[in-house]
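Asker: Have a look at this one.
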Amino acid sequence: MDTDIQNVIEMKDMYKIYPNGTVANSGVNFCVKKGEIHALVGENGAGKTTLMKVLFGLEEKTKGAVYISGKEVNFKSPKEAIANGMGMVHQEFMLVPSYTVAQNIALGNEKTKKIFCDRKSEKEQMEKISKQFGLAADFDEPVYRLSVGAKQRIEILKVLYNNAKIIILDEPTAVLTPQETEELFCSLRLMVKDGYTIVLITHKIKEVMDISDSVTVLRNGQTIKTLKTGETNPDEITRLMIGRQLKPKRERVECKDGKTIFEVSHLNVMDRRGALKVRDMSFAIKAGEIFGIAGVEGNGQSELIDAIIGFLKPSSGRIFYNGKDITGISTSDFRKESIGYIPDDRNLRGSSLTQSVAENFIICSHNSGKFNKGPYLNWKEVRKDARDLIAEYEIKADSETALVGSMSGGNVQKVIVAREISKKPNLLIACQPTRGVDISSIEYIHNKIIEQRNEGTAVLLISAELTEIMGLSDKIGMLYNGELVAVRDNDDSVTENEIGKYILNGRQNPSGTEE
Amino acid sequence: MKQKLKNTNILSTVLSIVIAVLLGCLLILLVSDEPLSAIKSLLVLPLSNTFYMNNIINKVTPLILVGLSASVAFRTGLFNMGVQGQFYIGAFMTAIAGNYLTGLPKGLHIAVVFLAAVCGGVIYATVAGALKAYFNINEVVTTLMLNYIATLVTSGMTNSYFRDPDSGGVIRMRYIPEYLEFKEISSLITAHAGILIALAMVVLVYFLMKHSVLGYRMETVGQNKVFAQYGGLNIKLITIFCFAVSGGLSGLAGSVEVLGIHRSFFDDFASGMGGDGLIIALLASNHPAGVLLISFFFAYLKVGGQIMQQNTDVSRELVLIIQVIMIMLISSRMLTPYLNKRKFAKEVKKNG
Amino acid sequence: MASFFFQQILNLSVFAIVFKLVAPVILAAIGGLFCGKVGVMNIGLEGAMLVSAFFSIVVNAMSGSWILGILAGCAASIFLCLMLAFFTFKYKAHHIVTGFAINTFASAMTIFLLQTFFGSSGSYQPEKVAMIPVVNIPVIENIPVLSVISGHSLIVWMAFFSVVLCSLIFYKTPYGAHLIAVGENVQAARSVGIDEMKIKYSAFVICGILCGIGGAFLSTGATSMFVRDMTAGNGFIALAVISLGNARPYGVLRGGLIFGFANAIAILIETYPGLSVPSQFIQAIPYAVTILMLTVHMLQNSRRMLAPAKG
């Protein structure tokens with residue numbers, strides 16, 4: 001049993017079945033040795049996050065046994081997990097926006113003097129940790145002002161401050177640029193050297209190869225295999241993850257020089273607080289062209305979109321659609337144009353979870369005359385149309401009256417895509433169209449977008465996922481701090497690294513930073 | 001699936017009502033010296049003769065209207081806590097228009113009286129709606145404040161400016177001309193004709209909610225505002241429209257109550273009306289047909305409560321307590337998981 | 001007319017009126033603020049104050065002790081608040097609905113008990129009530145202008161004290177840090193092992209205590225009787241005061257005082273000799289003032305949002 005002591009985490013035959021019947025884990029085995037970086041990989045929906053949530057006491061297991069340093073445990077709450085030296089950095093940031101960095105790090109583990117908080121001694125400890133692992137932070141800044149990369153560092157500092165020795169990171173690089181990722185990995189290496197154990201959840205195979213010592217592959221809630229990273233290769237991991245051959249991407253047909261469908265010229269947009277978020281932006285999209293905007297989130301993407309769809313009034317500049325000036329159009333007029341819009345926030349903007357699929361389909365078309373006679377809405381017609389769309393777009397739904405909230409993320413996204421593409425748009429605006437959906441849905445949506453392009457639709461694609469931008473776009477615009485700092489044709493000369501530099505540093509100059 | 005869900009909902013509503021009534025009876029046993037007589041007065045006597053039954057119909061009329069009023073707002077995700085105030089404004093306008101526009105031809109006068117009441121309710125509710133839509137002021141607070149204002153101002157007006165000199169100790173206006181009053185429906189059903197208006201409104205609101213473009217829009221705003229806004233719906237207009245409809249129905253309720261029963265505006269004459277409307281809408285899950293059924297049940301309890309207060313030592317406030325227990329059981333869906341579990345067990349059994 | 005007001009203000013009776021009006025509102029608002037911080041707009045403040053007003057005077061009359069009266073009022077009020085929390089958190093009922101039900105329940109129950117035990121449907125006026133004492137500050141009460149701070153009920157002082165205490169709790173203690181975190185990002189709080197339910201229920205207990213004190217003041221401090229529905233919207237006004245104060249303790253104090261002065265002036269108008277406005281109109285002023293202040297406040301807020309950011 002000596003070898004078992006070496007395993008700081010051991011999970012045996014884990015089952016997790018949610019009350020609604022979803023099976024997330026069915027027979028997972030997972031072992032992590034002390035002092036290693038262990039990658040946990042798998043597609044979206046393979047059960048990685050659930051497994052870690054069970055481990056961390058956020059979810060209750062259905063069956064199975066968990067050992068920490070050889071001792072059987074059954075955490076009922078994160079509190080117990082933290083007390084046992086565990087820490088978790090979640091996919092979504094677990095930060096209180098109005099609190100300062102220091103307050104966030106100390107949250108739940110405040111030092112006290114009599115009954116009051118002792119912010120000073122808290123800060124001393126934070127500064128020590130910050131220096132030790134190269135995690136810079138401005139402790140008095142409120143968190144809502146921080147960049148995504150800085151927030152990520154705060155999350156790690158928080159875990160370290162809470163004396164965690166075993167650290168779980170759930171897709172930490174999803175929102176980071178290549179450069180920020182490298183910085184993060186440096187810190188992780190320092191931590192491992194200091195005796196920390198790290199579990200890294202990811203679906204990026206490159207990262208697995210770069211940093212991990214071992215890798216466990218999950219698929220459909222089951223452990224497929226655990227490997228030493230040194231003894232495997234990217235192809236093997238991919239094969240284990242997917243378990244099948246990926247369908248080839250739809251062929252792109254060369255488009256003749258189409259006419260310009262959509263144009264933005266010298267656009268400036270302020271957000272609701274009055275801060276200038278889009279600066280002097282100009283670009284044009286032709287028919288049959290995909291224009292991809294790459295950039296770290298929070299660099300003006302949402303303000304640009306809000307200005308286009310009429311949520312925000314631009315402070316200057318023009319927007320043209322089919323040669324018509326649509327600057328400052330109202331949202332309801334915008335939605336009457338044949339423009340498809342796939343918003344980035346699927347559950348809030350894109351769909352109404354507590355309404356049926358049919359009701360979600362008709363949000364833009366219920367008053368177009370197709371389904372209504374004056375004030376009378378013909379539900380029979382609405383439902384029939386919904387059934388057709390469900391079949392055509394391969395949406396998995398019990399029926400057209402099923403609530404959207406009962407469906408998986410990938411299917412909800414397909415509902416949105418079906419609604420927007422069935423409008424037969426001349427312009428398709430797609431924001432983060434595949435965020436957080438499973439691989440087969442990603443494939444499906446990507447193919448749909450390319451299909452639209454081939455049919456002569458102009459596409460504006462906004463994504464933080466560089467592989468998506470590079471895989472789909474004809475032209476790539478690089479967004480930094482509200483400015484398009486470079487626009488390039490997407491040919492072989494463009495590399496991920498080059499885009500990364502632009503969207504992280506802005507215009508390239510000798511010092512590498514702007515201003 | 002949806003059908004199954006509905007059945008469970010209806011079952012849990014019925015069960016909640018039964019439990020609440022039983023708890024009410026228990027309370028009677030605790031406080032009363034003559035519990036059996038009290039329970040009989042509350043539950044049996046209302047259905048014992050035509051007088052009481054007609055009484056129930058008269059009571060149900062305004063309840064249906066205020067219930068519909070509240071449910072229209074709930075459906076749009078808004079809390080119109082101001083049903084009470086809008087009801088008084090409607091009643092007050094009815095009495096004013098009925099008493100002081102007597103020069104008009106009779107038919108026109110009737111129309112004008114209704115119009116005045118409905119407009120009063122609409123305008124009064126729209127104040128809260130507009131404040132919500134344009135300044136994002138919480139409608140719960142404003143409508144509650146507007147209730148107090150409506151109650152006090154109508155009371156002050158009646159007392160100081162429009163009081164009937166012959167009213168004695170009661171604060172009220174003059175009685176309206178006889179031709180404005182609702183007639184009895186028939187010699188058997190002596191209830192006033194207001195019930196017909198209420199039933200017509202049930203149908204109208206049903207159409208609005210379930211089969212109209214506006215109903216779809218209101219529901220979508222109620223379910224997910226951001227989605228609705230992104231889909232191009234004008235949230236501000238829909239908010240105001242919803243309050244207007246809700247207020248109009250409340251105003252109409254006030255009008256019907258004056259024309260059918262009181263024949264004049266009395267100071268603070270129906271203080272629980274707004275609360276009843278909200279509770280009915282909640283228990284009915286905002287469905288117009290549900291509003292109809294629950295209103296009848298409430299009217300029955302009210303008549304029972306009155307008989308009980310007359311005949312025995314138990315106060316009729318007991319009925320309110322029963323209502324509160326119901327609303328707690330329903331709104332928290334306490335019974336639903338239990339019912340679901342049983343259904344699940346049954347299905348498992350059936351499938352072997 | 002102007003000289004009349006000037007005289008009244010000089011007379012400083014205005015302050016006495018203001019404090020008396022404002023104390024229960026501030027207490028309830030601070031209580032509501034605790035609930036608001038954990039994400040619940042507690043419209044049950046009204047009902048909580050009402051049951052406290054009832055039970056405090058009943059126990060007060062029976063025991064002859066105002067302290068026991070307040071304690072009984074607080075117990076009843078805490079019970080109601082916990083009931084609201086229970087249905088809202090445990091059974092996921094909508095808090096406006098439960099709050100409304102709680103208010104209806106409080107009103108019905110007090111009337112029911114009034115009728116069952118005291119045989120009256122309107123009011124209860126016991127022969128002997130041990131009034132909550134007034135604090136006279138020895139030397140200061142004789143100094144002309146400073147005397148304004150003397151001679152107020154103990155509860156008035158408790159109301160001001162509750163504001164200070166609330167601010168200290170929110171911004172200086174770990175409990176406050178956890179409370180605000182639970183309200184702003186529950187996931188974040190949960191992920192660091194904060195017991196979300198403990199925080200939420202404790203906020204409602206605190207709210208119950210404060211509403212209890214405020215309610216006791218209504219029946220055994222400001223008056224010496226219980227009248228049906230005597231809270232008359234004080235709890236709802238407290239909610240308005242919370243948003244006037246941008247959900248900050250000292251903001252609540254400011255909002256409460258503005259509200260109080262506006263009403264004191266209204267009351268002075270009522271007492272102005274020779275004026276014949278129906279008294280109901282005057283009584284309606286607090287509610288109208290509340291709506292008006294909310295509107296002005298929101299207008300200011302939206303203008304602030306639109307102003308160019310500094311830096």
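Letters A, B, ... mark the chains of the structure tokens in the order given; residue numbers begin at 1 per chain; ligand numbers begin at 1, in order shown.
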Each residue of chain A lying at most 6 Å from chain C should get a row with its shortest atom-to-atom pair and the distance in Å to one decimal, counting only C-alpha atoms; could you produce that, ordered by chain and increasing number, as a tab-separated table?
Answerer:
residue	atom	partner	partner_atom	distance
A:Pro78	CA	C:Gly193	CA	4.8
A:Lys79	CA	C:Gly193	CA	3.9
A:Met94	CA	C:Ala188	CA	4.0
A:Leu95	CA	C:Ala188	CA	5.5
A:Val96	CA	C:Asn185	CA	5.7
A:Gly108	CA	C:Val192	CA	5.7
A:Phe116	CA	C:Thr173	CA	4.6
A:Cys117	CA	C:Thr173	CA	5.2
A:Arg273	CA	C:Met305	CA	5.4
A:Gly274	CA	C:Pro308	CA	4.9
Asker: By how many Å are atom CA of Val258 of chain B and atom CA of Gln306 of chain B apart?
Answerer: 20.1 Å
Asker: Grab the atom CA of Met86 of chain A to atom CA of Leu160 of chain A distance for me, in Å with one decimal place.
Answerer: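 Calculated distance between atom CA of Met86 of chain A and atom CA of Leu160 of chain A is 9.5 Å.
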Asker: Set the cut-off to 6 Å and count only C-alpha atoms: what are the residues of chain B that reach chain C? Output as a ChimeraX atom specification.
Answerer: /B:145,149,152-153,156,317,321,324,331-332
Asker: Report, in Å with one decimal, the straight-line distance from atom CA of Asp213 of chain A to atom CA of Glu10 of chain A.
Answerer: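 Interatomic distance, atom CA of Asp213 of chain A to atom CA of Glu10 of chain A: 16.5 Å.
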Asker: Taking only C-alpha atoms into account, report as a PyMOL selection string which residues of chain B lie within 6 Å of chain A.
Answerer: chain B and resi 211-213+224+226-227+231-232
Asker: Convert the current residue selection to file output with N, CA and C atoms, as a PDB file, in the first residue's frame.
Answerer:
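out.pdb written:
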ATOM      1  N   HIS B 211     -53.704  33.842 -27.115  1.00  0.00           N
ATOM      2  CA  HIS B 211     -53.827  33.761 -28.567  1.00  0.00           C
ATOM      3  C   HIS B 211     -53.556  35.069 -29.278  1.00  0.00           C
ATOM      4  N   SER B 212     -52.836  35.969 -28.656  1.00  0.00           N
ATOM      5  CA  SER B 212     -52.597  37.220 -29.368  1.00  0.00           C
ATOM      6  C   SER B 212     -51.103  37.529 -29.417  1.00  0.00           C
ATOM      7  N   VAL B 213     -50.758  38.347 -30.357  1.00  0.00           N
ATOM      8  CA  VAL B 213     -49.371  38.779 -30.504  1.00  0.00           C
ATOM      9  C   VAL B 213     -48.921  39.496 -29.237  1.00  0.00           C
ATOM     10  N   ASN B 224     -38.105  36.583 -19.856  1.00  0.00           N
ATOM     11  CA  ASN B 224     -36.702  36.983 -20.013  1.00  0.00           C
ATOM     12  C   ASN B 224     -36.636  38.326 -20.728  1.00  0.00           C
ATOM     13  N   VAL B 226     -34.168  40.462 -21.151  1.00  0.00           N
ATOM     14  CA  VAL B 226     -33.031  40.726 -22.030  1.00  0.00           C
ATOM     15  C   VAL B 226     -33.276  40.095 -23.398  1.00  0.00           C
ATOM     16  N   PHE B 227     -33.766  38.862 -23.370  1.00  0.00           N
ATOM     17  CA  PHE B 227     -34.080  38.157 -24.604  1.00  0.00           C
ATOM     18  C   PHE B 227     -35.121  38.947 -25.401  1.00  0.00           C
ATOM     19  N   GLY B 231     -34.620  40.674 -28.953  1.00  0.00           N
ATOM     20  CA  GLY B 231     -35.484  40.268 -30.052  1.00  0.00           C
ATOM     21  C   GLY B 231     -36.232  41.433 -30.672  1.00  0.00           C
ATOM     22  N   GLY B 232     -36.017  42.639 -30.146  1.00  0.00           N
ATOM     23  CA  GLY B 232     -36.613  43.803 -30.762  1.00  0.00           C
ATOM     24  C   GLY B 232     -37.940  44.226 -30.165  1.00  0.00           C
TER      25      GLY B 232
END
Asker: Among segment 294-505 of chain A, which ones does DSSP assign to alpha helix (DSSP H) (computed from the backbone)? Answer as a PyMOL selection string.
Answerer: chain A and resi 301-309+331-336+357-361+379-392+409-421+439-454+466-472+496-505
